[in-house]
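One file, my_file.csv, carrying CSV, C-alpha atoms:
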chain,number,residue,atom,x,y,z
H,1,MET,CA,21.5,-7.7,-10.2
H,2,THR,CA,17.9,-7.6,-11.3
H,3,ALA,CA,16.1,-4.8,-12.9
H,4,GLU,CA,13.5,-4.8,-10.1
H,5,ALA,CA,16.2,-4.1,-7.5
H,6,TRP,CA,17.1,-0.8,-9.1
H,7,PRO,CA,15.6,2.4,-7.7
H,8,LYS,CA,12.9,3.9,-9.9
H,9,ALA,CA,13.3,7.3,-11.3
H,10,THR,CA,11.7,9.9,-9.3
H,11,SER,CA,11.7,13.7,-9.5
H,12,VAL,CA,15.0,14.0,-7.7
H,13,PRO,CA,17.2,17.0,-8.6
H,14,PRO,CA,20.9,16.2,-9.2
H,15,ALA,CA,21.8,15.9,-5.6
H,16,PRO,CA,23.6,13.2,-3.7
H,17,GLN,CA,21.3,10.3,-3.2
H,18,ASP,CA,22.3,9.2,0.2
H,19,GLY,CA,23.2,10.8,3.5
H,20,GLU,CA,26.9,10.6,3.0
H,21,GLY,CA,26.9,12.9,0.0
H,22,ALA,CA,27.7,10.1,-2.5
H,23,TYR,CA,26.1,9.6,-5.8
H,24,GLN,CA,25.2,6.1,-7.0
H,25,LEU,CA,26.3,5.4,-10.5
H,26,CYS,CA,25.9,2.4,-12.7
H,27,ALA,CA,29.2,1.1,-14.1
H,28,PHE,CA,29.5,-0.9,-17.2
H,29,PHE,CA,32.1,-1.8,-19.8
H,30,VAL,CA,32.2,-1.0,-23.5
H,31,GLY,CA,35.4,-2.4,-24.9
H,32,PRO,CA,38.3,-2.2,-22.4
H,33,ALA,CA,37.1,1.0,-20.7
H,34,GLU,CA,34.6,1.3,-17.9
H,35,TYR,CA,31.9,4.0,-18.0
H,36,VAL,CA,29.3,5.2,-15.5
H,37,ILE,CA,26.0,6.8,-15.8
H,38,ASP,CA,23.7,8.1,-13.2
H,39,ILE,CA,21.8,5.2,-11.7
H,40,MET,CA,18.6,7.2,-11.6
H,41,ARG,CA,18.8,7.1,-15.4
H,42,ILE,CA,18.6,3.3,-15.4
H,43,ASP,CA,15.1,2.1,-15.9
H,44,GLU,CA,15.9,-1.5,-16.3
H,45,ILE,CA,18.6,-3.9,-17.5
H,46,LEU,CA,17.8,-6.4,-20.1
H,47,ARG,CA,19.5,-9.3,-21.8
H,48,PRO,CA,19.9,-8.6,-25.5
H,49,GLN,CA,16.6,-8.7,-27.2
H,50,ARG,CA,15.2,-8.8,-30.7
H,51,VAL,CA,15.8,-5.6,-32.5
H,52,SER,CA,14.3,-4.3,-35.7
H,53,PRO,CA,16.8,-2.4,-37.8
H,54,VAL,CA,15.6,1.0,-39.1
H,55,PRO,CA,16.7,1.9,-42.6
H,56,ASN,CA,18.7,5.1,-42.9
H,57,ALA,CA,19.2,5.4,-39.2
H,58,PRO,CA,22.7,6.3,-38.1
H,59,ALA,CA,25.1,3.4,-38.1
H,60,TRP,CA,25.2,3.4,-34.3
H,61,VAL,CA,21.5,2.9,-34.0
H,62,GLU,CA,20.8,-0.8,-34.0
H,63,GLY,CA,17.2,-0.2,-34.5
H,64,VAL,CA,14.1,-0.2,-32.3
H,65,MET,CA,12.7,-2.6,-29.9
H,66,ASN,CA,9.3,-3.1,-28.5
H,67,LEU,CA,9.5,-2.8,-24.8
H,68,ARG,CA,6.1,-3.8,-23.5
H,69,GLY,CA,4.3,-1.7,-26.1
H,70,ALA,CA,6.7,1.3,-26.2
H,71,MET,CA,9.1,1.7,-29.2
H,72,VAL,CA,12.5,2.2,-27.7
H,73,PRO,CA,15.5,3.0,-29.9
H,74,VAL,CA,18.6,0.8,-29.4
H,75,VAL,CA,22.0,2.5,-29.5
H,76,ASP,CA,25.2,0.5,-29.8
H,77,LEU,CA,27.6,2.3,-27.6
H,78,ARG,CA,30.6,0.5,-29.1
H,79,LYS,CA,29.8,1.9,-32.5
H,80,ARG,CA,28.8,5.3,-31.1
H,81,LEU,CA,32.0,5.8,-29.2
H,82,ALA,CA,34.1,4.2,-32.0
H,83,ILE,CA,35.6,1.7,-29.5
H,84,ALA,CA,37.8,-1.1,-30.6
H,85,GLY,CA,39.1,-3.8,-28.3
H,86,ALA,CA,37.5,-6.5,-26.2
H,87,ALA,CA,35.8,-6.1,-22.9
H,88,PRO,CA,37.2,-7.9,-19.9
H,89,PRO,CA,36.4,-11.6,-19.9
H,90,ARG,CA,33.3,-12.9,-18.2
H,91,MET,CA,31.3,-9.8,-19.1
H,92,LYS,CA,27.8,-10.5,-20.4
H,93,PRO,CA,26.3,-8.2,-23.0
H,94,LYS,CA,23.4,-6.2,-21.6
H,95,TRP,CA,21.0,-3.6,-22.7
H,96,LEU,CA,20.6,-0.6,-20.3
H,97,VAL,CA,17.2,0.9,-20.7
H,98,THR,CA,18.1,4.5,-19.9
H,99,LEU,CA,15.9,7.4,-19.2
H,100,VAL,CA,16.5,10.6,-21.2
H,101,GLY,CA,13.9,13.1,-20.0
H,102,ARG,CA,10.8,11.0,-20.0
H,103,ARG,CA,11.9,8.9,-22.9
H,104,LYS,CA,13.8,5.6,-22.9
H,105,VAL,CA,16.8,4.6,-24.9
H,106,ALA,CA,18.4,1.2,-24.8
H,107,LEU,CA,22.2,1.2,-24.7
H,108,VAL,CA,24.0,-1.9,-25.8
H,109,VAL,CA,27.0,-2.5,-23.5
H,110,ASP,CA,29.5,-5.3,-23.1
H,111,GLY,CA,28.7,-5.9,-19.5
H,112,VAL,CA,27.5,-4.3,-16.3
H,113,SER,CA,30.1,-4.2,-13.6
H,114,GLY,CA,28.0,-2.9,-10.7
H,115,VAL,CA,27.0,0.1,-8.8
H,116,VAL,CA,29.6,2.5,-7.6
H,117,ARG,CA,29.3,5.3,-5.0
H,118,VAL,CA,31.3,8.4,-5.6
H,119,THR,CA,31.2,11.8,-3.9
H,120,ARG,CA,31.2,15.0,-5.8
H,121,ALA,CA,34.8,15.6,-4.8
H,122,GLU,CA,35.9,12.3,-6.5
H,123,ILE,CA,34.5,13.4,-9.8
H,124,ALA,CA,37.2,15.2,-11.8
H,125,PRO,CA,36.8,16.9,-15.2
H,126,VAL,CA,38.5,15.5,-18.2
H,127,PRO,CA,40.5,18.2,-20.1
H,128,PRO,CA,38.7,19.2,-23.3
H,129,PHE,CA,41.7,18.3,-25.5
H,130,VAL,CA,41.3,14.7,-24.5
H,131,THR,CA,37.7,14.5,-25.7
H,132,GLN,CA,36.7,16.1,-28.9
H,133,GLY,CA,34.3,18.8,-29.8
H,134,VAL,CA,32.5,21.4,-27.7
H,135,ASN,CA,30.0,18.8,-26.3
H,136,PRO,CA,32.1,15.9,-25.2
H,137,ALA,CA,30.4,12.6,-24.6
H,138,VAL,CA,32.9,12.0,-21.8
H,139,ILE,CA,32.4,14.6,-19.1
H,140,ALA,CA,34.6,13.5,-16.3
H,141,ALA,CA,36.3,10.6,-14.6
H,142,CYS,CA,36.1,9.1,-11.2
H,143,GLY,CA,37.5,6.2,-9.3
H,144,PRO,CA,40.9,4.9,-8.2
H,145,ALA,CA,43.9,4.9,-10.5
H,146,ASP,CA,43.6,1.2,-11.4
H,147,ARG,CA,39.9,1.5,-12.2
H,148,ILE,CA,39.1,4.8,-13.7
H,149,LYS,CA,35.5,5.2,-14.8
H,150,LEU,CA,34.4,7.7,-17.3
H,151,LEU,CA,31.2,9.7,-16.9
H,152,LEU,CA,29.1,9.5,-20.1
H,153,ASN,CA,26.8,12.2,-21.2
H,154,ILE,CA,24.0,10.3,-22.8
H,155,LYS,CA,22.2,13.3,-24.1
H,156,VAL,CA,25.2,14.4,-26.1
H,157,LEU,CA,25.7,10.9,-27.4
H,158,LEU,CA,22.2,10.8,-28.9
H,159,ARG,CA,22.7,14.0,-30.9
H,160,GLU,CA,23.1,13.4,-34.6
H,161,ALA,CA,26.6,14.4,-35.5
H,162,ALA,CA,29.0,11.5,-34.7
I,1,MET,CA,34.0,26.1,-13.4
I,2,PRO,CA,30.5,26.7,-14.6
I,3,ARG,CA,30.8,24.8,-17.8
I,4,PHE,CA,31.7,21.6,-16.0
I,5,GLU,CA,28.9,22.0,-13.6
I,6,GLU,CA,26.5,22.4,-16.6
I,7,LEU,CA,27.8,19.1,-18.0
I,8,LEU,CA,27.3,17.4,-14.7
I,9,GLU,CA,23.8,18.7,-14.7
I,10,ASP,CA,23.4,16.8,-18.0
I,11,PHE,CA,25.0,13.7,-16.5
I,12,PHE,CA,22.5,13.4,-13.6
I,13,TYR,CA,19.0,12.4,-14.3
I,14,ARG,CA,16.0,14.7,-13.9
I,15,PRO,CA,12.7,13.6,-15.4
I,16,GLU,CA,12.0,17.1,-16.5
I,17,GLU,CA,15.4,17.6,-18.0
I,18,ASP,CA,15.7,19.3,-21.4
I,19,VAL,CA,16.3,16.8,-24.1
I,20,GLY,CA,16.2,19.3,-27.0
I,21,ALA,CA,14.9,18.0,-30.2
I,22,LEU,CA,16.1,14.5,-29.6
I,23,PHE,CA,12.7,12.9,-29.7
I,24,ASP,CA,10.7,15.4,-31.8
I,25,ALA,CA,9.1,14.3,-35.0
I,26,GLY,CA,11.7,13.4,-37.6
I,27,GLY,CA,13.8,11.5,-35.1
I,28,ILE,CA,13.0,8.2,-33.5
I,29,ILE,CA,9.8,8.5,-31.5
I,30,GLU,CA,8.5,6.4,-28.8
I,31,ALA,CA,5.5,6.7,-26.5
I,32,PRO,CA,6.2,8.7,-23.4
I,33,ALA,CA,7.8,6.5,-20.7
I,34,ALA,CA,5.2,7.6,-18.2
I,35,ALA,CA,2.3,7.0,-20.6
I,36,ALA,CA,-0.8,6.8,-18.4
I,37,VAL,CA,-2.5,3.5,-18.8
I,38,GLU,CA,-5.8,4.2,-20.5
I,39,GLU,CA,-8.4,3.8,-17.7
I,40,SER,CA,-11.5,2.2,-18.9
I,41,PRO,CA,-14.7,3.2,-17.2
I,42,GLU,CA,-16.7,0.4,-15.6
I,43,GLU,CA,-20.4,0.1,-16.2
I,44,TYR,CA,-22.9,0.2,-13.4
I,45,LEU,CA,-26.6,-0.2,-13.4
I,46,ALA,CA,-28.2,2.6,-11.4
I,47,PHE,CA,-31.5,2.1,-9.7
I,48,ARG,CA,-33.7,3.9,-7.2
I,49,LEU,CA,-34.4,2.6,-3.7
I,50,ALA,CA,-36.2,4.8,-1.2
I,51,ASP,CA,-35.3,8.1,-2.9
I,52,GLU,CA,-31.6,7.3,-3.2
I,53,THR,CA,-29.7,6.2,-6.2
I,54,TYR,CA,-27.8,3.0,-5.9
I,55,ALA,CA,-25.6,1.3,-8.5
I,56,VAL,CA,-24.4,-2.3,-8.9
I,57,ARG,CA,-21.8,-3.6,-11.4
I,58,ILE,CA,-23.6,-4.3,-14.6
I,59,GLY,CA,-22.0,-7.7,-14.7
I,60,VAL,CA,-24.0,-9.0,-11.7
I,61,VAL,CA,-27.3,-8.2,-13.3
I,62,ARG,CA,-28.7,-11.0,-15.3
I,63,GLU,CA,-32.0,-9.4,-16.3
I,64,ILE,CA,-34.7,-7.0,-15.3
I,65,VAL,CA,-38.3,-8.1,-15.0
I,66,LYS,CA,-41.5,-6.4,-14.2
I,67,VAL,CA,-43.0,-7.4,-10.8
I,68,PRO,CA,-45.2,-10.4,-11.2
I,69,PRO,CA,-47.4,-11.8,-8.4
I,70,LEU,CA,-45.0,-13.6,-6.2
I,71,THR,CA,-45.5,-16.9,-4.3
I,72,GLU,CA,-45.1,-16.4,-0.7
I,73,VAL,CA,-42.9,-18.9,1.2
I,74,PRO,CA,-44.3,-19.7,4.5
I,75,ARG,CA,-42.2,-19.3,7.7
I,76,SER,CA,-39.4,-17.5,5.8
I,77,SER,CA,-37.8,-14.3,6.9
I,78,ALA,CA,-39.6,-11.0,6.1
I,79,GLU,CA,-36.7,-10.1,3.8
I,80,LEU,CA,-37.6,-13.0,1.5
I,81,LEU,CA,-40.6,-11.6,-0.3
I,82,GLY,CA,-41.4,-14.8,-2.1
I,83,VAL,CA,-40.3,-16.8,-5.0
I,84,ILE,CA,-40.7,-15.9,-8.7
I,85,ASN,CA,-41.2,-18.4,-11.5
I,86,LEU,CA,-38.9,-17.1,-14.2
I,87,ARG,CA,-39.5,-19.2,-17.3
I,88,GLY,CA,-39.6,-22.4,-15.2
I,89,GLU,CA,-36.7,-21.3,-12.9
I,90,VAL,CA,-37.8,-20.6,-9.3
I,91,LEU,CA,-35.8,-17.8,-7.8
I,92,PRO,CA,-36.1,-16.1,-4.4
I,93,VAL,CA,-36.9,-12.4,-4.4
I,94,TYR,CA,-35.6,-10.2,-1.6
I,95,ASP,CA,-36.7,-6.9,-0.3
I,96,LEU,CA,-33.5,-4.8,-0.5
I,97,LYS,CA,-35.0,-2.0,1.5
I,98,LEU,CA,-35.6,-4.3,4.4
I,99,ARG,CA,-32.1,-5.7,4.0
I,100,LEU,CA,-30.6,-2.3,4.0
I,101,ARG,CA,-32.9,-1.2,6.8
I,102,LEU,CA,-34.4,1.5,4.7
I,103,SER,CA,-37.9,0.3,5.6
I,104,THR,CA,-39.4,-1.8,8.3
I,105,VAL,CA,-42.4,-3.2,6.3
I,106,PRO,CA,-42.0,-5.7,3.5
I,107,ALA,CA,-43.2,-4.6,0.2
I,108,PRO,CA,-46.8,-6.0,-0.3
I,109,ILE,CA,-46.3,-8.1,-3.3
I,110,ALA,CA,-46.8,-11.6,-2.0
I,111,GLY,CA,-49.2,-13.5,0.2
I,112,PRO,CA,-52.8,-12.8,1.1
I,113,ASP,CA,-52.5,-9.0,1.4
I,114,ALA,CA,-50.6,-8.6,-1.9
I,115,ASN,CA,-51.4,-5.3,-3.5
I,116,LEU,CA,-49.2,-4.8,-6.6
I,117,ALA,CA,-50.9,-1.5,-7.2
I,118,ALA,CA,-49.3,-0.1,-4.1
I,119,LEU,CA,-45.9,-0.4,-5.7
I,120,PRO,CA,-44.6,2.4,-7.9
I,121,LYS,CA,-45.3,1.7,-11.6
I,122,SER,CA,-41.6,1.8,-12.2
I,123,ALA,CA,-40.8,-1.0,-9.7
I,124,ARG,CA,-38.8,-3.8,-11.1
I,125,ILE,CA,-37.1,-7.0,-10.0
I,126,LEU,CA,-33.4,-7.2,-10.8
I,127,ILE,CA,-32.3,-10.8,-11.3
I,128,VAL,CA,-28.8,-10.9,-10.2
I,129,HIS,CA,-26.0,-13.4,-10.2
I,130,ASP,CA,-25.1,-14.6,-6.8
I,131,PRO,CA,-22.5,-17.2,-5.8
I,132,GLU,CA,-25.2,-18.9,-3.7
I,133,GLY,CA,-27.7,-19.0,-6.6
I,134,ASP,CA,-29.2,-16.3,-8.6
I,135,ALA,CA,-31.8,-14.2,-6.9
I,136,GLY,CA,-34.2,-11.3,-7.5
I,137,VAL,CA,-34.2,-8.0,-5.7
I,138,LEU,CA,-37.0,-5.5,-5.7
I,139,VAL,CA,-36.1,-1.9,-6.6
I,140,ASP,CA,-38.3,1.1,-6.9
I,141,ALA,CA,-37.0,2.0,-10.4
I,142,VAL,CA,-34.3,1.2,-12.8
I,143,LEU,CA,-32.6,4.4,-14.0
I,144,GLU,CA,-29.8,3.9,-16.4
I,145,VAL,CA,-26.4,2.4,-17.1
I,146,VAL,CA,-23.7,4.7,-15.8
I,147,LYS,CA,-20.0,4.6,-16.7
I,148,LEU,CA,-17.8,5.3,-13.7
I,149,ARG,CA,-14.0,5.5,-13.8
I,150,PRO,CA,-12.5,3.4,-11.1
I,151,SER,CA,-10.3,6.3,-10.0
I,152,THR,CA,-13.3,8.5,-9.3
I,153,LEU,CA,-14.9,6.0,-6.9
I,154,GLU,CA,-14.6,7.0,-3.3
I,155,ALA,CA,-14.5,4.7,-0.3
I,156,PRO,CA,-17.7,4.9,1.7
I,157,PRO,CA,-17.6,7.2,4.7
I,158,ARG,CA,-16.6,5.2,7.6
I,159,ALA,CA,-19.8,6.1,9.4
I,160,VAL,CA,-21.7,4.5,6.6
I,161,SER,CA,-19.9,1.2,6.3
I,162,GLY,CA,-20.7,-0.4,9.7
I,163,GLY,CA,-18.8,-3.6,10.2
I,164,ASP,CA,-16.5,-5.3,7.8
I,165,ARG,CA,-19.2,-7.0,5.8
I,166,SER,CA,-20.7,-3.8,4.6
I,167,PRO,CA,-22.8,-4.1,1.4
I,168,ILE,CA,-21.7,-0.6,0.5
I,169,THR,CA,-18.5,-0.7,-1.4
I,170,GLY,CA,-18.1,2.9,-2.3
I,171,ILE,CA,-19.6,6.1,-3.7
I,172,GLY,CA,-19.5,6.8,-7.4
I,173,ARG,CA,-19.8,10.4,-8.6
I,174,ARG,CA,-20.8,11.8,-11.9
I,175,ARG,CA,-20.7,15.6,-11.6
I,176,GLU,CA,-23.2,16.4,-8.9
I,177,GLN,CA,-24.9,13.0,-8.8
I,178,LEU,CA,-23.9,10.4,-6.3
I,179,PHE,CA,-24.3,6.7,-6.7
I,180,ILE,CA,-24.1,4.4,-3.7
I,181,LEU,CA,-22.3,1.3,-4.9
I,182,LEU,CA,-23.7,-1.9,-3.6
I,183,ASP,CA,-22.1,-5.3,-3.4
I,184,LEU,CA,-25.3,-7.4,-3.7
I,185,ALA,CA,-23.4,-10.6,-2.7
I,186,GLN,CA,-23.0,-8.9,0.7
I,187,ALA,CA,-26.4,-7.3,0.7
I,188,LEU,CA,-28.3,-10.6,0.1
I,189,PRO,CA,-28.5,-13.2,2.9

Encoding of this model in structure tokens:
Amino acid sequence: MTAEAWPKATSVPPAPQDGEGAYQLCAFFVGPAEYVIDIMRIDEILRPQRVSPVPNAPAWVEGVMNLRGAMVPVVDLRKRLAIAGAAPPRMKPKWLVTLVGRRKVALVVDGVSGVVRVTRAEIAPVPPFVTQGVNPAVIAACGPADRIKLLLNIKVLLREAA
Amino acid sequence: MPRFEELLEDFFYRPEEDVGALFDAGGIIEAPAAAAVEESPEEYLAFRLADETYAVRIGVVREIVKVPPLTEVPRSSAELLGVINLRGEVLPVYDLKLRLRLSTVPAPIAGPDANLAALPKSARILIVHDPEGDAGVLVDAVLEVVKLRPSTLEAPPRAVSGGDRSPITGIGRRREQLFILLDLAQALP
């Protein structure tokens, strides 16, 4: 799964990306749980890189990296989501360079598990009492019972209050 | 369930999505992802040839010399005006107007009927780099060095570029002024 093989972000409104009405989502592990984000958000996937810590940044910000001249913040999703517990074996840590608007943020994950296709009907909301606050980072869930994947709201994650 | 739909809007990516104050000053800032690569203009030497303005990449021009009396080379083609002795180096000088079929008579600057006075006072010889050996080309006047952005260059009209070895590589434009871009390696024999 190389970065080059991923579709580049284009000005596509949130609409199914193929003819069968399915969305393509990028699935990854942080700790024991599997998460998905819109594949259109993925700019590239990197192996862990050198990161420069930034003083006084939130604890979940590992620092910044220099991605071919652009300063990209690096966010540790494990810390941000307060996740304990190990990822499944044979997962390799990766950095997802994720588009937020026209900016990039690198998300540190325990491993990328692949691309999943889900239709809108397969996405079910998660009750608010499961997640916390008015702006939950986990919006919804999808997938079969033995492999539920949680839809992450990256924009909410990046907001200051943890 | 409007609230859930709103959240899904946030989930799916749109380049123009609202990111609030996430990346404003005070937070962590990075250059826009789609930062346009700074396009550096390229320099061309503009010169006049039969009332039109032509331009060649500045890199191909070695030097510009005034027109000295040339030594005619017997039995050479009409396009070869003669040879010039440039500080001991003998270089051929071509008539670009003849090459480009802008004229049918070679410029009278070599041989028995040489008449340098018939040339415009501004006439110069451009000494240019050529893969097959440096050469001189006679032009009516050297105008200036123009900076043209590669993105503003236009392909030559198809009617202009006859054949696949056309010496005309494009048209440069600076406001109203047009520059015919020449590839001298193609224009010279």

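Picture a line from atom CA of Pro69 of chain I to atom CA of Ile168 of chain I; it runs 29.4 Å.
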
Please determine, counting all atoms listed in the file, which residue among H:Val118, H:Leu152, H:Ala140, H:Thr98 has the shortest atom-to-atom distance to Glu44 of chain H.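 Nearest to Glu44 of chain H: H:Thr98.
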
Using all atoms listed in the file, the shortest atom-to-atom distance to chain H among I:Glu79, I:Glu16, I:Glu89, I:Glu5 belongs to I:Glu16

Residue contacts of Pro93 of chain H (6 Å, all atoms listed in the file) excluding same-chain residues fewer than 5 positions away, as a count of residues only: 3

Residues within 9 Å of (20.6, -7.6, -22.9), file coords, only C-alpha atoms, listed as a PyMOL selection string: chain H and resi 45-49+92-96+108-109+111

So that I can check the surroundings of segment 93-109 of chain I, please list as JSON, numbers by chain every protein, DNA and RNA residue that reaches within 6 Å of it, counting only C-alpha atoms and ignoring chain neighbours fewer than 2 positions away. {"I": [79, 80, 81, 82, 83, 114, 115, 116, 135, 136, 137, 138]}

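Distance check against chain I using all atoms listed in the file: of H:Glu122, H:Asp43, H:Glu34, H:Asp76, the minimum falls on H:Asp43.
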
Distance criterion (all atoms listed in the file): nearest to Phe179 of chain I out of I:Thr53, I:Ser151, I:Ser77, I:Ser122: I:Thr53

Point-to-point distance in Å for atom CA of Pro53 of chain H and atom CA of Leu67 of chain H: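 Value for the atom CA of Leu67 of chain H-atom CA of Pro53 of chain H distance: 14.9 Å.
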
Using all atoms listed in the file, find all polymer residues with an atom at most 8 Å away from the point (31.1, 12.3, 0.8); report them as a PyMOL selection string. chain H and resi 20-22+118-121

Restricted to C-alpha atoms, what does segment 35-86 of chain H look like when written out as a compact mmCIF listing (two decimals), in the first residue's frame?
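Below is the file that was written, out39.txt:
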# COMPACT_ATOMS: atom_id res chain seq x y z
CA TYR H 35 -10.93 3.52 13.14
CA VAL H 36 -11.71 4.92 9.71
CA ILE H 37 -11.32 8.29 8.10
CA ASP H 38 -12.37 9.42 4.65
CA ILE H 39 -9.81 8.21 2.17
CA MET H 40 -9.99 11.55 0.41
CA ARG H 41 -8.39 13.02 3.51
CA ILE H 42 -5.31 10.87 3.18
CA ASP H 43 -2.58 12.68 1.36
CA GLU H 44 0.09 10.09 1.94
CA ILE H 45 1.17 7.43 4.40
CA LEU H 46 4.65 7.62 5.84
CA ARG H 47 6.80 5.48 8.00
CA PRO H 48 7.55 7.22 11.30
CA GLN H 49 9.82 10.17 10.68
CA ARG H 50 11.95 12.54 12.67
CA VAL H 51 9.80 14.84 14.68
CA SER H 52 10.83 18.04 16.41
CA PRO H 53 9.04 18.48 19.73
CA VAL H 54 7.37 21.84 20.25
CA PRO H 55 7.53 23.27 23.76
CA ASN H 56 4.22 23.96 25.45
CA ALA H 57 2.26 22.14 22.78
CA PRO H 58 -0.56 19.91 24.00
CA ALA H 59 0.72 16.55 25.20
CA TRP H 60 -0.91 14.81 22.24
CA VAL H 61 1.07 16.91 19.77
CA GLU H 62 4.33 15.09 19.19
CA GLY H 63 5.77 18.10 17.44
CA VAL H 64 6.26 19.18 13.89
CA MET H 65 7.85 17.53 10.92
CA ASN H 66 9.28 18.98 7.78
CA LEU H 67 7.42 17.38 4.91
CA ARG H 68 9.28 18.49 1.81
CA GLY H 69 9.46 22.03 3.03
CA ALA H 70 6.05 22.29 4.69
CA MET H 71 5.80 22.26 8.48
CA VAL H 72 3.25 19.62 9.40
CA PRO H 73 2.09 19.08 12.97
CA VAL H 74 2.28 15.50 14.20
CA VAL H 75 -0.57 14.31 16.41
CA ASP H 76 -0.35 11.16 18.47
CA LEU H 77 -3.81 9.66 18.20
CA ARG H 78 -3.14 7.24 21.04
CA LYS H 79 -2.55 10.10 23.41
CA ARG H 80 -5.28 12.24 21.92
CA LEU H 81 -7.89 9.52 22.28
CA ALA H 82 -6.48 8.41 25.66
CA ILE H 83 -6.20 4.84 24.44
CA ALA H 84 -4.49 2.14 26.43
CA GLY H 85 -3.89 -1.36 25.22
CA ALA H 86 -1.88 -2.88 22.44
